[in-house]
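A.B. asks: Handing over work02.txt, compact mmCIF, C-alpha atoms.
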# COMPACT_ATOMS: atom_id res chain seq x y z
CA MET A 13 0.00 0.00 0.00
CA GLU A 14 2.88 2.35 0.78
CA ASN A 15 4.18 2.16 -2.81
CA SER A 16 0.80 2.96 -4.34
CA ASN A 17 0.45 5.91 -1.99
CA LYS A 18 3.78 7.24 -3.20
CA GLU A 19 2.64 6.87 -6.82
CA GLU A 20 -0.66 8.56 -5.99
CA TYR A 21 1.17 11.40 -4.30
CA LYS A 22 3.49 12.01 -7.26
CA ILE A 23 0.59 11.95 -9.71
CA GLN A 24 -1.06 14.85 -7.87
CA SER A 25 1.34 17.28 -9.54
CA PHE A 26 -0.42 16.70 -12.89
CA ASP A 27 -3.63 18.34 -14.12
CA ALA A 28 -6.88 16.44 -13.51
CA GLU A 29 -7.08 14.94 -17.01
CA THR A 30 -3.51 13.64 -16.90
CA GLN A 31 -4.00 12.30 -13.39
CA GLN A 32 -6.96 10.28 -14.67
CA LEU A 33 -4.91 9.02 -17.63
CA LEU A 34 -2.14 7.81 -15.32
CA LYS A 35 -4.51 6.29 -12.76
CA THR A 36 -6.20 4.30 -15.52
CA ALA A 37 -2.83 3.23 -16.96
CA LEU A 38 -1.77 1.92 -13.55
CA LYS A 39 -4.89 -0.24 -13.21
CA GLU A 40 -6.22 -0.88 -16.72
CA PRO A 41 -3.49 -0.06 -19.25
CA GLY A 42 -5.42 -1.47 -22.21
CA ALA A 43 -8.00 1.30 -21.85
CA VAL A 44 -5.59 4.20 -22.59
CA ASP A 45 -3.05 5.32 -25.19
CA LEU A 46 0.15 3.93 -23.66
CA GLU A 47 2.43 5.83 -26.03
CA LYS A 48 0.90 9.03 -24.67
CA VAL A 49 1.32 7.77 -21.11
CA ALA A 50 5.03 7.08 -21.72
CA ALA A 51 5.48 10.58 -23.21
CA VAL A 52 3.73 12.21 -20.23
CA ILE A 53 5.95 10.36 -17.74
CA VAL A 54 9.18 11.17 -19.59
CA ASP A 55 8.24 14.83 -20.12
CA GLN A 56 7.48 15.31 -16.43
CA SER A 57 10.65 13.45 -15.40
CA LEU A 58 12.78 15.85 -17.43
CA LYS A 59 11.22 18.85 -15.65
CA ASP A 60 10.81 17.58 -12.10
CA GLN A 61 13.70 15.87 -10.34
CA GLY A 62 11.47 14.74 -7.48
CA PHE A 63 9.24 12.94 -9.96
CA SER A 64 12.22 11.52 -11.90
CA LYS A 65 13.37 9.78 -8.70
CA GLU A 66 10.01 8.00 -8.33
CA ALA A 67 8.88 7.52 -11.94
CA GLY A 68 10.57 4.13 -12.30
CA ARG A 69 8.14 2.73 -9.75
CA ILE A 70 5.18 4.00 -11.77
CA CYS A 71 6.67 2.60 -15.00
CA PHE A 72 7.19 -0.78 -13.32
CA THR A 73 3.56 -0.88 -12.17
CA ILE A 74 2.23 -0.07 -15.67
CA VAL A 75 4.54 -2.65 -17.32
CA GLN A 76 3.36 -5.31 -14.84
CA ALA A 77 -0.30 -4.40 -15.33
CA GLU A 78 -0.02 -4.47 -19.15
CA THR A 79 1.76 -7.82 -19.14
CA LYS A 80 -0.87 -9.28 -16.82
CA GLN A 81 -3.80 -7.82 -18.76
CA SER A 82 -2.77 -8.51 -22.35
CA GLY A 83 0.72 -10.01 -22.43
CA SER A 84 1.88 -7.11 -24.61
CA ASN A 85 4.61 -4.50 -24.03
CA VAL A 86 3.43 -1.34 -25.80
CA PHE A 87 4.24 0.85 -22.81
CA ARG A 88 7.72 -0.57 -22.25
CA ARG A 89 8.58 -0.26 -25.95
CA SER A 90 7.31 3.34 -26.07
CA LEU A 91 9.24 4.21 -22.92
CA LEU A 92 12.49 2.73 -24.24
CA ASN A 93 12.07 4.46 -27.60
CA ARG A 94 11.66 7.81 -25.90
CA LEU A 95 14.60 7.18 -23.56
CA GLN A 96 16.70 6.37 -26.64
CA GLN A 97 15.66 9.62 -28.32
CA GLU A 98 16.61 11.64 -25.26
CA PHE A 99 19.87 9.69 -24.94
CA THR A 100 20.81 10.57 -28.52
CA ASN A 101 20.26 14.26 -27.72
CA ARG A 102 22.00 14.19 -24.33
CA GLU A 103 24.83 16.63 -25.15
CA GLU A 104 22.37 19.12 -26.59
CA THR A 105 20.21 18.73 -23.48
CA ARG A 106 23.18 19.25 -21.16
CA SER A 107 24.20 22.41 -23.05
CA ARG A 108 20.66 23.78 -22.92
CA SER A 109 19.69 22.88 -19.37
CA LEU A 110 21.87 21.25 -16.73
CA GLN A 111 18.77 20.60 -14.62
CA GLU A 112 17.07 18.72 -17.46
CA TRP A 113 20.23 16.66 -18.06
CA VAL A 114 20.49 15.71 -14.39
CA CYS A 115 16.77 14.82 -14.39
CA TYR A 116 17.29 12.60 -17.45
CA VAL A 117 20.17 10.71 -15.83
CA THR A 118 18.16 10.31 -12.62
CA PHE A 119 15.19 9.00 -14.60
CA ILE A 120 17.04 6.49 -16.81
CA CYS A 121 18.86 5.13 -13.74
CA ASN A 122 15.55 4.88 -11.89
CA VAL A 123 14.01 2.95 -14.79
CA PHE A 124 17.09 0.69 -14.87
CA ASP A 125 16.60 0.03 -11.16
CA TYR A 126 12.91 -0.87 -11.40
CA LEU A 127 12.33 -2.47 -14.81
CA LYS A 128 13.57 -6.05 -14.86
CA VAL A 129 13.28 -8.95 -17.30
CA ASN A 130 13.33 -12.31 -15.50
CA ASN A 131 14.60 -10.47 -12.42
CA MET A 132 17.59 -9.10 -14.34
CA PRO A 133 18.21 -5.48 -15.40
CA MET A 134 17.32 -4.73 -19.00
CA MET A 135 20.34 -5.16 -21.26
CA ALA A 136 19.07 -2.38 -23.53
CA LEU A 137 19.68 0.12 -20.73
CA VAL A 138 23.09 -1.04 -19.49
CA HIS A 139 25.32 0.82 -21.94
CA PRO A 140 23.22 4.01 -22.14
CA VAL A 141 23.30 4.21 -18.33
CA TYR A 142 27.05 3.65 -18.32
CA ASP A 143 27.51 6.29 -21.02
CA CYS A 144 25.56 8.82 -18.94
CA LEU A 145 27.67 8.08 -15.85
CA PHE A 146 30.88 8.36 -17.87
CA ARG A 147 29.69 11.76 -19.09
CA LEU A 148 29.17 12.83 -15.48
CA GLY A 149 32.73 11.70 -14.76
CA GLN A 150 34.34 13.96 -17.38
CA ALA A 151 36.42 16.94 -16.29
CA ASP A 152 33.85 19.66 -17.02
CA SER A 153 31.14 17.75 -15.16
CA LEU A 154 33.33 17.07 -12.13
CA ARG A 155 33.71 20.85 -11.72
CA ASN A 156 29.92 21.07 -11.32
CA GLU A 157 28.64 19.99 -7.90
CA GLU A 158 25.13 19.24 -9.20
CA GLU A 159 26.52 16.70 -11.67
CA VAL A 160 28.90 15.14 -9.14
CA ASP A 161 26.03 14.80 -6.69
CA CYS A 162 23.89 13.14 -9.37
CA LEU A 163 26.72 10.75 -10.31
CA VAL A 164 27.31 9.68 -6.71
CA LEU A 165 23.58 9.25 -5.98
CA GLN A 166 23.12 7.01 -9.02
CA LEU A 167 26.15 4.89 -8.16
CA HIS A 168 24.83 4.46 -4.62
CA ARG A 169 21.51 3.34 -6.05
CA ILE A 170 22.47 1.09 -8.97
CA GLY A 171 26.27 0.74 -8.92
CA ASP A 172 26.22 -2.81 -7.58
CA GLN A 173 23.62 -3.97 -10.15
CA LEU A 174 25.41 -2.17 -12.98
CA GLU A 175 28.79 -3.67 -12.08
CA LYS A 176 27.35 -7.20 -12.32
CA MET A 177 26.28 -6.44 -15.91
CA ASP A 178 29.71 -5.17 -17.05
CA VAL A 179 32.60 -5.18 -14.56
CA GLN A 180 35.15 -3.79 -17.03
CA ARG A 181 33.16 -0.63 -17.69
CA MET A 182 32.70 -0.06 -13.97
CA ASP A 183 36.46 -0.48 -13.48
CA ASP A 184 37.08 2.06 -16.27
CA LEU A 185 34.58 4.50 -14.74
CA PHE A 186 36.26 4.30 -11.34
CA PHE A 187 39.74 4.73 -12.85
CA MET A 188 38.37 7.95 -14.37
CA LEU A 189 36.86 9.08 -11.05
CA ARG A 190 40.04 8.25 -9.13
CA ASP A 191 42.14 10.24 -11.60
CA GLY A 192 39.66 13.10 -11.41
CA PHE A 193 39.88 13.10 -7.63
CA LEU A 194 43.69 12.94 -7.57
CA LEU A 195 44.70 15.02 -10.59
CA GLN A 196 42.00 17.44 -11.61
CA GLU A 197 42.27 21.07 -10.67
CA GLY A 198 39.29 23.28 -9.91
CA LEU A 199 37.21 20.75 -7.96
CA SER A 200 35.22 22.13 -5.04
CA SER A 201 35.77 20.68 -1.57
CA LEU A 202 32.26 19.15 -1.75
CA ALA A 203 32.99 17.47 -5.10
CA ARG A 204 36.22 16.03 -3.68
CA LEU A 205 34.41 14.74 -0.62
CA LEU A 206 31.68 13.11 -2.72
CA LEU A 207 34.23 11.49 -5.05
CA LEU A 208 36.30 10.16 -2.15
CA GLU A 209 33.17 8.75 -0.54
CA ILE A 210 32.07 6.89 -3.69
CA LEU A 211 35.60 5.53 -4.26
CA GLU A 212 35.57 4.13 -0.73
CA PHE A 213 31.97 2.94 -1.11
CA ARG A 214 32.83 0.71 -4.08
CA ALA A 215 36.15 -0.42 -2.55
CA GLY A 216 34.13 -1.62 0.45
CA GLY A 217 31.91 -3.83 -1.73
CA TRP A 218 29.27 -1.13 -2.32
CA ARG A 219 28.92 -0.31 1.34
CA LEU A 220 30.56 2.07 3.82
CA SER A 221 31.97 1.05 7.16
CA ASP A 222 30.28 2.53 10.22
CA THR A 223 33.32 4.78 10.68
CA GLY A 224 33.09 5.94 7.06
CA GLN A 225 29.38 6.66 7.38
CA LYS A 226 29.93 8.77 10.49
CA TYR A 227 32.80 10.67 8.83
CA TYR A 228 31.08 11.47 5.55
CA TYR A 229 27.72 12.19 7.13
CA SER A 230 29.28 14.66 9.60
CA GLU A 231 31.33 16.33 6.83
CA LEU A 232 28.32 16.71 4.52
CA THR A 233 26.12 18.18 7.25
CA ASP A 234 28.74 20.63 8.54
As a first step, turn the structure in this file into structure tokens.
C.D. replies:
Amino acid sequence: MENSNKEEYKIQSFDAETQQLLKTALKEPGAVDLEKVAAVIVDQSLKDQGFSKEAGRICFTIVQAETKQSGSNVFRRSLLNRLQQEFTNREETRSRSLQEWVCYVTFICNVFDYLKVNNMPMMALVHPVYDCLFRLGQADSLRNEEEVDCLVLQLHRIGDQLEKMDVQRMDDLFFMLRDGFLLQEGLSSLARLLLLEILEFRAGGWRLSDTGQKYYYSELTD
């Protein structure tokens, strides 16, 4: 019940007609235009970071309901097509609006986290997600605290799952982050702290020791 309440709460930010569309999609997906539903969810996710953090849960519920009702995957296909379009335009998006770019990364990682096939992450999302995280690890992004924060949050959320899908790319990403931490000039003290924390987080098997948690939590709240 708690999950559905969260979905209900997030849907309240839409107008009445769109709320009804989404409520129907969650319960009876065959009764609505699922391509439109996918577009509505993606559009809102690119504007609203709070929604982008929760939208994967809504997508998962609609995918499950559609599969159960008709055995088809119109919604999932529409969602992936739109994610691919936005992925292709990611540099343009980043140049135009850093907030929209961060929302996109948050959303695609959220979808990766929730949408599974036979209890495994979707292969179609593995390399796009990695590519987004690599972009966040580049020098110009590491000088931007909002992007570093996004990178670290996503790695906390899906790093362990992502590593199991392609260990070599995760190794390469962390070599880049380590070099950025050690060698790059112009990083803020917060960016350095976040990078050090995520380096230690992965080194500890995707968890922090109690001592590490106390240290980083106290530093971030000071």
A.B. asks: Residues proximal to (22.9, 17.5, -14.5) were defined as those with any atom within 9 Å of that point in the file's coordinates, counting all atoms listed in the file. Which are they, as a ChimeraX atom specification?
C.D. replies: /A:106,109-118,148,153,156,158-163
A.B. asks: Using C-alpha atoms, can you write the selected residues to a file as a PDB file, in the coordinates of the input?
C.D. replies:
ATOM      1  CA  ARG A 106      23.180  19.250 -21.160  1.00  0.00           C
ATOM      2  CA  SER A 109      19.690  22.880 -19.370  1.00  0.00           C
ATOM      3  CA  LEU A 110      21.870  21.250 -16.730  1.00  0.00           C
ATOM      4  CA  GLN A 111      18.770  20.600 -14.620  1.00  0.00           C
ATOM      5  CA  GLU A 112      17.070  18.720 -17.460  1.00  0.00           C
ATOM      6  CA  TRP A 113      20.230  16.660 -18.060  1.00  0.00           C
ATOM      7  CA  VAL A 114      20.490  15.710 -14.390  1.00  0.00           C
ATOM      8  CA  CYS A 115      16.770  14.820 -14.390  1.00  0.00           C
ATOM      9  CA  TYR A 116      17.290  12.600 -17.450  1.00  0.00           C
ATOM     10  CA  VAL A 117      20.170  10.710 -15.830  1.00  0.00           C
ATOM     11  CA  THR A 118      18.160  10.310 -12.620  1.00  0.00           C
ATOM     12  CA  LEU A 148      29.170  12.830 -15.480  1.00  0.00           C
ATOM     13  CA  SER A 153      31.140  17.750 -15.160  1.00  0.00           C
ATOM     14  CA  ASN A 156      29.920  21.070 -11.320  1.00  0.00           C
ATOM     15  CA  GLU A 158      25.130  19.240  -9.200  1.00  0.00           C
ATOM     16  CA  GLU A 159      26.520  16.700 -11.670  1.00  0.00           C
ATOM     17  CA  VAL A 160      28.900  15.140  -9.140  1.00  0.00           C
ATOM     18  CA  ASP A 161      26.030  14.800  -6.690  1.00  0.00           C
ATOM     19  CA  CYS A 162      23.890  13.140  -9.370  1.00  0.00           C
ATOM     20  CA  LEU A 163      26.720  10.750 -10.310  1.00  0.00           C
TER      21      LEU A 163
END
A.B. asks: For a quick check of understanding, using only C-alpha atoms, which of A:Ala203, A:Ala77, A:Val141, A:Met134 has the smallest distance to Leu38 (chain A)?
C.D. replies: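 With only C-alpha atoms as the atom set, the closest residue is A:Ala77.
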A.B. asks: Which residue gives the smallest distance to Val54 (chain A) among A:Asp27, A:Glu209, A:Glu98, A:Glu157, with only C-alpha atoms counted?
C.D. replies: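 Smallest distance to Val54 (chain A) is found for A:Glu98.
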A.B. asks: As a list of chain:residue names, please: the residues near Arg89 (chain A) (cut-off 10 Å, only C-alpha atoms, same-chain neighbours under 6 positions excluded).
C.D. replies: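 Near Arg89 (chain A), the qualifying residues are A:Leu46, A:Glu47, A:Ala50, A:Val75, A:Leu95.
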A.B. asks: Using all atoms listed in the file, determine which residues lie at most 9 Å from Cys121 (chain A), disregarding the query and same-chain residues fewer than 5 positions distant; provide the list as an MDAnalysis selection string.
C.D. replies: chainID A and resid 65 68 116 126 137 141 166 169:170
A.B. asks: How many Å lie between CA of Gln76 (chain A) and CA of Arg102 (chain A), rounded to one decimal?
C.D. replies: 28.6 Å
A.B. asks: Record the distance separating CA of Asn130 (chain A) and CA of Arg88 (chain A), expressed in Å with one decimal.
C.D. replies: 14.7 Å
A.B. asks: Do you have, as a Markdown table, the list of residues of region 62-179 of chain A lying at most 12 Å from region 31-35 of chain A, each with its nearest atom pair and that distance in Å to one decimal, counting all atoms listed in the file and ordered by chain then number?
C.D. replies:
| residue | atom | partner | partner_atom | distance |
| --- | --- | --- | --- | --- |
| A:Ala67 | CA | A:Leu34 | CA | 11.5 |
| A:Ile70 | CA | A:Leu34 | CA | 9.0 |
| A:Cys71 | CA | A:Leu34 | CA | 10.2 |
| A:Thr73 | CA | A:Lys35 | CA | 10.8 |
| A:Ile74 | CA | A:Leu34 | CA | 9.0 |
| A:Ala77 | CA | A:Lys35 | CA | 11.8 |
A.B. asks: Write the residues you've just listed into a file as a PDB file, in the frame of the given file, and include C-alpha atoms for each of them.
C.D. replies:
ATOM      1  CA  ALA A  67       8.880   7.520 -11.940  1.00  0.00           C
ATOM      2  CA  ILE A  70       5.180   4.000 -11.770  1.00  0.00           C
ATOM      3  CA  CYS A  71       6.670   2.600 -15.000  1.00  0.00           C
ATOM      4  CA  THR A  73       3.560  -0.880 -12.170  1.00  0.00           C
ATOM      5  CA  ILE A  74       2.230  -0.070 -15.670  1.00  0.00           C
ATOM      6  CA  ALA A  77      -0.300  -4.400 -15.330  1.00  0.00           C
TER       7      ALA A  77
END
A.B. asks: Tell me, as a PyMOL selection string, which residues lie within 12 Å of Leu174 (chain A), counting all atoms listed in the file; anything in the same chain fewer than 4 positions away does not count.
C.D. replies: chain A and resi 121+124-125+132-135+137-143+145+166-170+178-183+185+214+218
A.B. asks: Please dump the current selection as a short mmCIF file (atom, residue, chain, number, x, y, z; two decimals), in the frame of the given file; keep C-alpha atoms.
C.D. replies:
data_model
loop_
_atom_site.label_atom_id
_atom_site.label_comp_id
_atom_site.auth_asym_id
_atom_site.auth_seq_id
_atom_site.Cartn_x
_atom_site.Cartn_y
_atom_site.Cartn_z
CA CYS A 121 18.86 5.13 -13.74
CA PHE A 124 17.09 0.69 -14.87
CA ASP A 125 16.60 0.03 -11.16
CA MET A 132 17.59 -9.10 -14.34
CA PRO A 133 18.21 -5.48 -15.40
CA MET A 134 17.32 -4.73 -19.00
CA MET A 135 20.34 -5.16 -21.26
CA LEU A 137 19.68 0.12 -20.73
CA VAL A 138 23.09 -1.04 -19.49
CA HIS A 139 25.32 0.82 -21.94
CA PRO A 140 23.22 4.01 -22.14
CA VAL A 141 23.30 4.21 -18.33
CA TYR A 142 27.05 3.65 -18.32
CA ASP A 143 27.51 6.29 -21.02
CA LEU A 145 27.67 8.08 -15.85
CA GLN A 166 23.12 7.01 -9.02
CA LEU A 167 26.15 4.89 -8.16
CA HIS A 168 24.83 4.46 -4.62
CA ARG A 169 21.51 3.34 -6.05
CA ILE A 170 22.47 1.09 -8.97
CA ASP A 178 29.71 -5.17 -17.05
CA VAL A 179 32.60 -5.18 -14.56
CA GLN A 180 35.15 -3.79 -17.03
CA ARG A 181 33.16 -0.63 -17.69
CA MET A 182 32.70 -0.06 -13.97
CA ASP A 183 36.46 -0.48 -13.48
CA LEU A 185 34.58 4.50 -14.74
CA ARG A 214 32.83 0.71 -4.08
CA TRP A 218 29.27 -1.13 -2.32
#
A.B. asks: For the atom pair CA of Ser201 (chain A) and CA of Phe187 (chain A), what is the interatomic distance in Å to one decimal place?
C.D. replies: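 Between these atoms lies a distance of 19.9 Å.
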A.B. asks: Tell me which of A:Gln61, A:Ser221, A:Gln81, A:Asn93 sits closest to Lys39 (chain A), counting only C-alpha atoms.
C.D. replies: A:Gln81
A.B. asks: Which residue gives the smallest distance to Gly217 (chain A) among A:Phe72, A:Glu104, A:Glu175, A:Arg94, with all atoms listed in the file counted?
C.D. replies: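 Of A:Phe72, A:Glu104, A:Glu175, A:Arg94, the one nearest Gly217 (chain A), counting all atoms listed in the file, is A:Glu175.
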